[in-house]
>>> print(open('coords32.tsv').read())   # TSV, C-alpha atoms
chain	number	residue	atom	x	y	z
A	65	MET	CA	23.62	17.64	-8.01
A	66	GLY	CA	26.09	15.63	-5.98
A	67	ARG	CA	26.58	16.28	-2.24
A	68	ILE	CA	23.44	16.57	-0.15
A	69	THR	CA	23.30	19.83	1.80
A	70	ASP	CA	22.51	20.06	5.52
A	71	THR	CA	19.04	21.61	5.31
A	72	VAL	CA	17.92	19.28	2.56
A	73	LYS	CA	19.15	16.34	4.64
A	74	VAL	CA	17.10	17.48	7.64
A	75	LEU	CA	13.98	17.96	5.51
A	76	ILE	CA	14.35	14.47	4.06
A	77	ILE	CA	14.75	12.99	7.56
A	78	ILE	CA	11.63	14.81	8.82
A	79	ASN	CA	9.63	13.59	5.82
A	80	ALA	CA	10.85	10.04	6.45
A	81	ILE	CA	9.85	10.24	10.13
A	82	PHE	CA	6.37	11.48	9.23
A	83	PHE	CA	5.99	8.73	6.64
A	84	ALA	CA	7.11	6.04	9.08
A	85	GLY	CA	4.70	7.43	11.66
A	86	THR	CA	1.78	7.13	9.27
A	87	MET	CA	2.67	3.49	8.68
A	88	PHE	CA	2.26	2.74	12.40
A	89	ILE	CA	-0.55	5.10	13.36
A	90	GLY	CA	-2.46	5.14	10.08
A	91	ASP	CA	-5.53	7.19	9.20
A	92	PHE	CA	-5.43	9.34	12.35
A	93	THR	CA	-2.25	11.09	11.21
A	94	TYR	CA	-3.71	11.78	7.78
A	95	LYS	CA	-6.80	13.26	9.40
A	96	ILE	CA	-4.75	15.57	11.61
A	97	PHE	CA	-1.87	16.62	9.34
A	98	SER	CA	-3.22	16.50	5.76
A	99	LEU	CA	-4.63	19.66	4.18
A	100	TRP	CA	-8.44	19.59	4.17
A	101	PHE	CA	-10.87	22.00	2.55
A	102	PHE	CA	-11.10	24.97	4.91
A	103	GLN	CA	-14.84	24.49	5.57
A	104	ASN	CA	-14.40	20.80	6.33
A	105	ASP	CA	-14.58	19.90	10.03
A	106	ASN	CA	-11.17	18.23	9.76
A	107	PHE	CA	-9.42	21.44	8.70
A	108	GLY	CA	-6.78	23.03	10.92
A	109	VAL	CA	-4.60	26.03	10.11
A	110	TRP	CA	-1.43	24.05	10.90
A	111	GLN	CA	-2.20	21.79	7.95
A	112	VAL	CA	-1.00	24.47	5.54
A	113	ILE	CA	2.49	23.42	6.67
A	114	THR	CA	2.11	19.87	7.97
A	115	HIS	CA	0.65	18.53	4.72
A	116	MET	CA	4.07	19.10	3.16
A	117	PHE	CA	5.47	16.26	5.29
A	118	MET	CA	2.69	13.76	4.55
A	119	HIS	CA	2.83	11.32	1.62
A	120	GLY	CA	0.33	8.82	0.32
A	121	SER	CA	2.68	6.02	-0.74
A	122	PHE	CA	6.29	4.91	-0.79
A	123	MET	CA	6.69	5.92	-4.45
A	124	HIS	CA	5.19	9.33	-3.67
A	125	ILE	CA	7.75	10.14	-1.00
A	126	LEU	CA	10.56	8.47	-2.96
A	127	PHE	CA	10.15	10.69	-6.02
A	128	ASN	CA	9.65	13.85	-3.93
A	129	MET	CA	12.69	13.21	-1.75
A	130	TYR	CA	14.83	12.32	-4.76
A	131	ALA	CA	13.85	15.63	-6.38
A	132	LEU	CA	14.50	17.47	-3.10
A	133	TRP	CA	18.01	15.99	-2.95
A	134	ALA	CA	18.85	16.38	-6.65
A	135	PHE	CA	17.50	19.90	-7.18
A	136	GLY	CA	17.25	21.27	-3.64
A	137	SER	CA	20.91	20.80	-2.72
A	138	PRO	CA	22.32	23.07	-5.45
A	139	ILE	CA	19.59	25.63	-4.68
A	140	GLU	CA	20.54	25.63	-0.99
A	141	GLN	CA	24.19	26.09	-1.97
A	142	MET	CA	23.20	29.18	-3.96
A	143	LEU	CA	20.72	30.69	-1.49
A	144	GLY	CA	22.11	29.66	1.89
A	145	LYS	CA	20.23	27.79	4.63
A	146	ASN	CA	17.83	30.45	5.88
A	147	LYS	CA	16.83	31.76	2.49
A	148	PHE	CA	16.37	28.24	1.19
A	149	LEU	CA	14.07	27.35	4.09
A	150	PHE	CA	12.05	30.50	3.50
A	151	PHE	CA	11.81	29.65	-0.19
A	152	TYR	CA	10.87	26.00	0.42
A	153	PHE	CA	8.08	26.70	2.89
A	154	SER	CA	6.79	29.70	0.93
A	155	CYS	CA	6.39	27.53	-2.16
A	156	GLY	CA	4.65	24.82	-0.15
A	157	ILE	CA	2.28	27.33	1.45
A	158	GLY	CA	1.69	28.98	-1.92
A	159	ALA	CA	0.79	25.59	-3.37
A	160	ALA	CA	-1.69	25.06	-0.53
A	161	ILE	CA	-3.28	28.46	-1.18
A	162	ILE	CA	-3.73	27.90	-4.92
A	163	HIS	CA	-5.00	24.36	-4.36
A	164	SER	CA	-7.52	25.57	-1.78
A	165	LEU	CA	-8.70	28.44	-4.01
A	166	VAL	CA	-9.32	26.05	-6.90
A	167	ASN	CA	-11.25	23.70	-4.59
A	168	TYR	CA	-13.25	26.67	-3.30
A	169	PHE	CA	-14.18	27.55	-6.87
A	170	HIS	CA	-15.37	23.98	-7.51
A	171	VAL	CA	-17.42	23.85	-4.33
A	172	GLU	CA	-18.97	27.30	-4.65
A	173	SER	CA	-19.81	27.00	-8.34
A	174	ALA	CA	-21.46	23.62	-7.73
A	175	TYR	CA	-23.25	25.00	-4.67
A	176	SER	CA	-24.73	27.86	-6.70
A	177	THR	CA	-25.78	25.46	-9.44
A	178	LEU	CA	-27.56	23.23	-6.92
A	179	ILE	CA	-29.36	26.18	-5.30
A	180	GLU	CA	-30.56	27.31	-8.72
A	181	ALA	CA	-31.76	23.76	-9.37
A	182	GLY	CA	-33.94	23.93	-6.26
A	183	MET	CA	-31.85	22.01	-3.71
A	184	ASN	CA	-31.91	23.55	-0.23
A	185	PRO	CA	-28.75	24.27	1.82
A	186	ALA	CA	-29.41	21.48	4.34
A	187	THR	CA	-29.61	18.87	1.57
A	188	ILE	CA	-26.44	20.23	-0.02
A	189	GLN	CA	-24.66	19.96	3.33
A	190	GLN	CA	-25.80	16.35	3.62
A	191	LEU	CA	-24.39	15.71	0.13
A	192	LEU	CA	-21.06	17.21	1.17
A	193	GLU	CA	-20.87	15.13	4.33
A	194	THR	CA	-22.18	11.80	3.05
A	195	GLY	CA	-22.07	11.93	-0.76
A	196	GLN	CA	-25.75	10.94	-0.86
A	197	TYR	CA	-28.33	12.75	-2.96
A	198	SER	CA	-31.57	12.14	-4.80
A	199	THR	CA	-31.00	10.99	-8.36
A	200	ALA	CA	-33.79	13.37	-9.41
A	201	ILE	CA	-31.28	16.25	-9.18
A	202	LEU	CA	-29.38	14.69	-12.10
A	203	ASP	CA	-32.10	15.97	-14.39
A	204	SER	CA	-30.82	19.50	-13.66
A	205	VAL	CA	-27.20	19.06	-12.57
A	206	PRO	CA	-24.53	16.83	-14.20
A	207	ARG	CA	-23.20	14.00	-12.06
A	208	GLU	CA	-19.66	15.28	-12.70
A	209	THR	CA	-20.53	18.56	-10.93
A	210	LEU	CA	-21.68	16.70	-7.81
A	211	GLU	CA	-18.65	14.43	-7.81
A	212	SER	CA	-16.25	17.36	-8.28
A	213	MET	CA	-17.88	19.21	-5.38
A	214	PHE	CA	-17.78	16.19	-3.07
A	215	THR	CA	-14.17	15.39	-3.97
A	216	ALA	CA	-12.96	18.97	-3.45
A	217	PHE	CA	-14.66	19.13	-0.05
A	218	ASN	CA	-13.58	15.72	1.27
A	219	THR	CA	-10.23	14.85	-0.29
A	220	PRO	CA	-7.19	16.04	1.70
A	221	ALA	CA	-3.97	17.10	0.00
A	222	VAL	CA	-0.63	15.60	1.02
A	223	GLY	CA	2.94	15.82	-0.15
A	224	ALA	CA	5.91	18.12	-0.66
A	225	SER	CA	5.24	18.38	-4.40
A	226	GLY	CA	4.24	22.05	-4.27
A	227	ALA	CA	7.51	23.01	-2.61
A	228	ILE	CA	9.39	20.69	-4.98
A	229	TYR	CA	7.89	22.44	-8.01
A	230	GLY	CA	9.09	25.74	-6.62
A	231	ILE	CA	12.57	24.24	-6.33
A	232	LEU	CA	12.37	22.95	-9.90
A	233	VAL	CA	11.54	26.44	-11.14
A	234	ALA	CA	14.42	27.90	-9.15
A	235	PHE	CA	16.76	25.29	-10.62
A	236	GLY	CA	15.57	26.08	-14.12
A	237	MET	CA	16.16	29.79	-13.59
A	238	LEU	CA	19.59	29.38	-12.00
A	239	PHE	CA	20.87	26.51	-14.14
A	240	PRO	CA	18.86	26.76	-17.37
A	241	ASN	CA	21.33	24.90	-19.57
A	242	VAL	CA	21.96	21.91	-17.31
A	243	GLU	CA	20.95	18.76	-19.18
A	244	LEU	CA	18.67	16.37	-17.32
A	245	PHE	CA	18.42	12.65	-18.02
A	246	LEU	CA	14.97	11.26	-17.27
A	247	LEU	CA	13.94	7.65	-16.86
A	248	PHE	CA	11.04	7.96	-19.30
A	249	VAL	CA	12.92	10.10	-21.87
A	250	PRO	CA	16.23	8.51	-22.98
A	251	ILE	CA	17.74	11.76	-24.23
A	252	PRO	CA	19.14	14.76	-22.29
A	253	ILE	CA	16.78	17.73	-21.97
A	254	LYS	CA	17.87	21.16	-20.79
A	255	ALA	CA	16.28	22.36	-17.57
A	256	LYS	CA	14.89	25.49	-19.25
A	257	ILE	CA	12.88	23.21	-21.57
A	258	PHE	CA	11.96	20.31	-19.32
A	259	ILE	CA	10.62	22.31	-16.36
A	260	PRO	CA	8.21	24.58	-18.33
A	261	VAL	CA	6.95	21.50	-20.19
A	262	LEU	CA	6.35	19.72	-16.87
A	263	ILE	CA	4.38	22.68	-15.53
A	264	GLY	CA	2.46	22.89	-18.79
A	265	ILE	CA	1.42	19.25	-18.40
A	266	ASP	CA	0.07	20.04	-14.93
A	267	LEU	CA	-1.87	23.02	-16.29
A	268	PHE	CA	-3.32	20.84	-19.03
A	269	SER	CA	-4.27	18.13	-16.56
A	270	GLY	CA	-5.72	20.60	-14.09
A	271	PHE	CA	-8.01	22.26	-16.62
A	272	THR	CA	-9.03	19.15	-18.57
A	273	GLY	CA	-9.09	16.55	-15.79
A	274	TYR	CA	-7.01	14.22	-17.96
A	275	SER	CA	-3.86	13.23	-16.09
A	276	LEU	CA	-0.87	11.73	-17.88
A	277	PHE	CA	0.56	10.46	-14.58
A	278	GLY	CA	-2.54	8.88	-13.03
A	279	GLY	CA	-5.30	10.08	-10.73
A	280	GLY	CA	-5.22	11.65	-7.30
A	281	ILE	CA	-2.71	14.35	-8.25
A	282	ALA	CA	-3.23	17.95	-7.06
A	283	HIS	CA	-2.13	19.56	-10.32
A	284	PHE	CA	-2.96	23.11	-9.29
A	285	ALA	CA	-0.90	22.68	-6.11
A	286	HIS	CA	2.06	21.94	-8.40
A	287	VAL	CA	1.28	25.02	-10.44
A	288	GLY	CA	0.89	27.10	-7.28
A	289	GLY	CA	4.28	26.03	-5.94
A	290	ALA	CA	5.87	26.77	-9.31
A	291	LEU	CA	4.21	30.19	-9.47
A	292	PHE	CA	5.38	31.25	-6.01
A	293	GLY	CA	8.84	29.88	-6.75
A	294	PHE	CA	9.04	31.87	-9.97
A	295	ILE	CA	7.94	35.12	-8.31
A	296	MET	CA	10.50	34.81	-5.52
A	297	MET	CA	13.35	33.81	-7.80
A	298	TRP	CA	12.53	36.54	-10.31
A	299	TYR	CA	12.60	39.12	-7.50
A	300	TRP	CA	15.81	37.80	-5.97
A	301	LYS	CA	17.61	37.57	-9.31
A	302	LYS	CA	16.50	41.10	-10.15
A	303	ASN	CA	17.87	42.29	-6.83
A	304	GLN	CA	21.07	40.21	-7.01
A	305	PHE	CA	20.09	37.76	-4.27
A	306	ASN	CA	23.42	35.94	-4.44
A	307	GLN	CA	25.13	38.97	-2.93
A	308	ASN	CA	22.76	39.08	0.02
A	309	ARG	CA	22.74	35.66	1.67
A	310	TRP	CA	20.80	35.39	4.91
A	311	ASP	CA	23.23	33.07	6.68
>>> encode(input="coords32.tsv", output="structure tokens")
Amino acid sequence: MGRITDTVKVLIIINAIFFAGTMFIGDFTYKIFSLWFFQNDNFGVWQVITHMFMHGSFMHILFNMYALWAFGSPIEQMLGKNKFLFFYFSCGIGAAIIHSLVNYFHVESAYSTLIEAGMNPATIQQLLETGQYSTAILDSVPRETLESMFTAFNTPAVGASGAIYGILVAFGMLFPNVELFLLFVPIPIKAKIFIPVLIGIDLFSGFTGYSLFGGGIAHFAHVGGALFGFIMMWYWKKNQFNQNRWD
């Protein structure tokens, strides 16, 4: 966790350039490069990748880039440049897929509930586009269902967190006994304990809606990145990946 590796350095620079660009250009870049719900008019297939370079705040990019440096560099040293890049982007894309599937479930389940309650498709589409609806529907459908549907349809996802979670899983599998010192926990915790607990917190938050780290977090994107990272690392370890570098 010392020297920054070449690929990690380039990824951090690209993220920094994207972040600086958003500061000058503003909402337009978020509209183009963030990951929107696939039925939203703002959606573009390139967003499955570009959203990984977008961040919502300075603290957001700071924590992600710190994690990329601290945990990504030793992973790149183990995997080599090409395999690391494949791993990084696969985890980010996997996070986008899981996040989008969860949003699809929210939208479709709410849509079916509204149809059963007597709302017609045109009115539902107006709700999705404007957030406006007749309060009479609340007699049949909980407000939380409408809000969840509207949020899933209209809130774009940004950040490298999905790819970072994949890297965290890889670090935990390759260096399970490394002790990590965390700002909010003043005692060392082994990677094989800390990382599963972190993912467990995201699962809890995703299913309950109660977030320990604040709102606006795509918890299932984190879980998706971790899942794809685990599958790849499990396969590579099983097949002795360290003897077959791609460089």
>>> residues_around(input="coords32.tsv", residues="range 110-122 of chain A", least_positions_apart="6", cutoff="10 Å", atoms="all atoms listed in the file", output="PyMOL selection string")
chain A and resi 75-76+78-87+93-100+102+128+153-154+156-161+164+220-228+280
>>> closest_residue(input="coords32.tsv", among="A:Glu140, A:Asp105, A:Asp91, A:Glu180", to="Lys73 in chain A", atoms="all atoms listed in the file")
A:Glu140
>>> residues_around(input="coords32.tsv", residues="Glu243 in chain A", least_positions_apart="2", cutoff="7 Å", atoms="all atoms listed in the file", output="list of chain:residue names")
A:Asn241, A:Phe245, A:Pro252, A:Ile253, A:Lys254, A:Ala255
>>> residues_around(input="coords32.tsv", residues="range 192-195 of chain A", least_positions_apart="6", cutoff="8 Å", atoms="all atoms listed in the file", output="ChimeraX atom specification")
/A:213-214,217-218
>>> write_last_selection(input="coords32.tsv", atoms="C-alpha atoms", output="tab-separated table (two decimals), keeping the file's coordinate frame")
chain	number	residue	atom	x	y	z
A	213	MET	CA	-17.88	19.21	-5.38
A	214	PHE	CA	-17.78	16.19	-3.07
A	217	PHE	CA	-14.66	19.13	-0.05
A	218	ASN	CA	-13.58	15.72	1.27
>>> atom_distance(input="coords32.tsv", atom1="CA of Ile259 in chain A", atom2="CA of Ser212 in chain A")
28.5 Å
>>> closest_residue(input="coords32.tsv", among="A:Val242, A:Met296, A:Ile77, A:Ile263", to="Lys147 in chain A", atoms="all atoms listed in the file")
A:Met296
>>> residues_near_point(input="coords32.tsv", point="(-1.2, 16.8, -8.8)", cutoff="12 Å", atoms="only C-alpha atoms", output="PDB file with C-alpha atoms, in the frame of the given file")
ATOM      1  CA  HIS A 124       5.190   9.330  -3.670  1.00  0.00           C
ATOM      2  CA  ALA A 159       0.790  25.590  -3.370  1.00  0.00           C
ATOM      3  CA  ALA A 160      -1.690  25.060  -0.530  1.00  0.00           C
ATOM      4  CA  HIS A 163      -5.000  24.360  -4.360  1.00  0.00           C
ATOM      5  CA  ALA A 221      -3.970  17.100   0.000  1.00  0.00           C
ATOM      6  CA  VAL A 222      -0.630  15.600   1.020  1.00  0.00           C
ATOM      7  CA  GLY A 223       2.940  15.820  -0.150  1.00  0.00           C
ATOM      8  CA  ALA A 224       5.910  18.120  -0.660  1.00  0.00           C
ATOM      9  CA  SER A 225       5.240  18.380  -4.400  1.00  0.00           C
ATOM     10  CA  GLY A 226       4.240  22.050  -4.270  1.00  0.00           C
ATOM     11  CA  ILE A 228       9.390  20.690  -4.980  1.00  0.00           C
ATOM     12  CA  TYR A 229       7.890  22.440  -8.010  1.00  0.00           C
ATOM     13  CA  LEU A 262       6.350  19.720 -16.870  1.00  0.00           C
ATOM     14  CA  ILE A 263       4.380  22.680 -15.530  1.00  0.00           C
ATOM     15  CA  ILE A 265       1.420  19.250 -18.400  1.00  0.00           C
ATOM     16  CA  ASP A 266       0.070  20.040 -14.930  1.00  0.00           C
ATOM     17  CA  LEU A 267      -1.870  23.020 -16.290  1.00  0.00           C
ATOM     18  CA  PHE A 268      -3.320  20.840 -19.030  1.00  0.00           C
ATOM     19  CA  SER A 269      -4.270  18.130 -16.560  1.00  0.00           C
ATOM     20  CA  GLY A 270      -5.720  20.600 -14.090  1.00  0.00           C
ATOM     21  CA  PHE A 271      -8.010  22.260 -16.620  1.00  0.00           C
ATOM     22  CA  GLY A 273      -9.090  16.550 -15.790  1.00  0.00           C
ATOM     23  CA  TYR A 274      -7.010  14.220 -17.960  1.00  0.00           C
ATOM     24  CA  SER A 275      -3.860  13.230 -16.090  1.00  0.00           C
ATOM     25  CA  LEU A 276      -0.870  11.730 -17.880  1.00  0.00           C
ATOM     26  CA  PHE A 277       0.560  10.460 -14.580  1.00  0.00           C
ATOM     27  CA  GLY A 278      -2.540   8.880 -13.030  1.00  0.00           C
ATOM     28  CA  GLY A 279      -5.300  10.080 -10.730  1.00  0.00           C
ATOM     29  CA  GLY A 280      -5.220  11.650  -7.300  1.00  0.00           C
ATOM     30  CA  ILE A 281      -2.710  14.350  -8.250  1.00  0.00           C
ATOM     31  CA  ALA A 282      -3.230  17.950  -7.060  1.00  0.00           C
ATOM     32  CA  HIS A 283      -2.130  19.560 -10.320  1.00  0.00           C
ATOM     33  CA  PHE A 284      -2.960  23.110  -9.290  1.00  0.00           C
ATOM     34  CA  ALA A 285      -0.900  22.680  -6.110  1.00  0.00           C
ATOM     35  CA  HIS A 286       2.060  21.940  -8.400  1.00  0.00           C
ATOM     36  CA  VAL A 287       1.280  25.020 -10.440  1.00  0.00           C
ATOM     37  CA  GLY A 288       0.890  27.100  -7.280  1.00  0.00           C
ATOM     38  CA  GLY A 289       4.280  26.030  -5.940  1.00  0.00           C
TER      39      GLY A 289
END
>>> atom_distance(input="coords32.tsv", atom1="CA of Ile188 in chain A", atom2="CA of Asn106 in chain A")
18.2 Å
>>> atom_distance(input="coords32.tsv", atom1="CA of Ala200 in chain A", atom2="CA of Thr272 in chain A")
27.0 Å
>>> build_atoms(input="coords32.tsv", residues="range 259-271 of chain A", atoms="N, CA, C and O atoms", output="PDB file, keeping the file's coordinate frame")
ATOM      1  N   ILE A 259      11.436  21.834 -17.473  1.00  0.00           N
ATOM      2  CA  ILE A 259      10.620  22.310 -16.360  1.00  0.00           C
ATOM      3  C   ILE A 259       9.367  23.053 -16.833  1.00  0.00           C
ATOM      4  O   ILE A 259       8.260  22.788 -16.342  1.00  0.00           O
ATOM      5  N   PRO A 260       9.450  23.983 -17.822  1.00  0.00           N
ATOM      6  CA  PRO A 260       8.210  24.580 -18.330  1.00  0.00           C
ATOM      7  C   PRO A 260       7.256  23.551 -18.945  1.00  0.00           C
ATOM      8  O   PRO A 260       6.039  23.669 -18.792  1.00  0.00           O
ATOM      9  N   VAL A 261       7.809  22.541 -19.623  1.00  0.00           N
ATOM     10  CA  VAL A 261       6.950  21.500 -20.190  1.00  0.00           C
ATOM     11  C   VAL A 261       6.227  20.742 -19.075  1.00  0.00           C
ATOM     12  O   VAL A 261       5.027  20.450 -19.173  1.00  0.00           O
ATOM     13  N   LEU A 262       6.943  20.426 -18.002  1.00  0.00           N
ATOM     14  CA  LEU A 262       6.350  19.720 -16.870  1.00  0.00           C
ATOM     15  C   LEU A 262       5.213  20.523 -16.261  1.00  0.00           C
ATOM     16  O   LEU A 262       4.140  19.984 -15.961  1.00  0.00           O
ATOM     17  N   ILE A 263       5.426  21.817 -16.085  1.00  0.00           N
ATOM     18  CA  ILE A 263       4.380  22.680 -15.530  1.00  0.00           C
ATOM     19  C   ILE A 263       3.209  22.786 -16.497  1.00  0.00           C
ATOM     20  O   ILE A 263       2.040  22.805 -16.100  1.00  0.00           O
ATOM     21  N   GLY A 264       3.517  22.846 -17.790  1.00  0.00           N
ATOM     22  CA  GLY A 264       2.460  22.890 -18.790  1.00  0.00           C
ATOM     23  C   GLY A 264       1.582  21.654 -18.759  1.00  0.00           C
ATOM     24  O   GLY A 264       0.357  21.735 -18.933  1.00  0.00           O
ATOM     25  N   ILE A 265       2.196  20.493 -18.515  1.00  0.00           N
ATOM     26  CA  ILE A 265       1.420  19.250 -18.400  1.00  0.00           C
ATOM     27  C   ILE A 265       0.472  19.332 -17.211  1.00  0.00           C
ATOM     28  O   ILE A 265      -0.686  18.894 -17.289  1.00  0.00           O
ATOM     29  N   ASP A 266       0.945  19.897 -16.097  1.00  0.00           N
ATOM     30  CA  ASP A 266       0.070  20.040 -14.930  1.00  0.00           C
ATOM     31  C   ASP A 266      -1.073  21.008 -15.216  1.00  0.00           C
ATOM     32  O   ASP A 266      -2.212  20.773 -14.787  1.00  0.00           O
ATOM     33  N   LEU A 267      -0.800  22.093 -15.923  1.00  0.00           N
ATOM     34  CA  LEU A 267      -1.870  23.020 -16.290  1.00  0.00           C
ATOM     35  C   LEU A 267      -2.910  22.319 -17.169  1.00  0.00           C
ATOM     36  O   LEU A 267      -4.120  22.457 -16.960  1.00  0.00           O
ATOM     37  N   PHE A 268      -2.427  21.585 -18.148  1.00  0.00           N
ATOM     38  CA  PHE A 268      -3.320  20.840 -19.030  1.00  0.00           C
ATOM     39  C   PHE A 268      -4.180  19.868 -18.236  1.00  0.00           C
ATOM     40  O   PHE A 268      -5.406  19.793 -18.408  1.00  0.00           O
ATOM     41  N   SER A 269      -3.550  19.112 -17.353  1.00  0.00           N
ATOM     42  CA  SER A 269      -4.270  18.130 -16.560  1.00  0.00           C
ATOM     43  C   SER A 269      -5.255  18.788 -15.599  1.00  0.00           C
ATOM     44  O   SER A 269      -6.366  18.292 -15.393  1.00  0.00           O
ATOM     45  N   GLY A 270      -4.847  19.914 -15.022  1.00  0.00           N
ATOM     46  CA  GLY A 270      -5.720  20.600 -14.090  1.00  0.00           C
ATOM     47  C   GLY A 270      -6.982  21.131 -14.734  1.00  0.00           C
ATOM     48  O   GLY A 270      -8.078  21.047 -14.170  1.00  0.00           O
ATOM     49  N   PHE A 271      -6.849  21.672 -15.943  1.00  0.00           N
ATOM     50  CA  PHE A 271      -8.010  22.260 -16.620  1.00  0.00           C
ATOM     51  C   PHE A 271      -8.872  21.213 -17.330  1.00  0.00           C
ATOM     52  O   PHE A 271     -10.086  21.394 -17.437  1.00  0.00           O
TER      53      PHE A 271
END
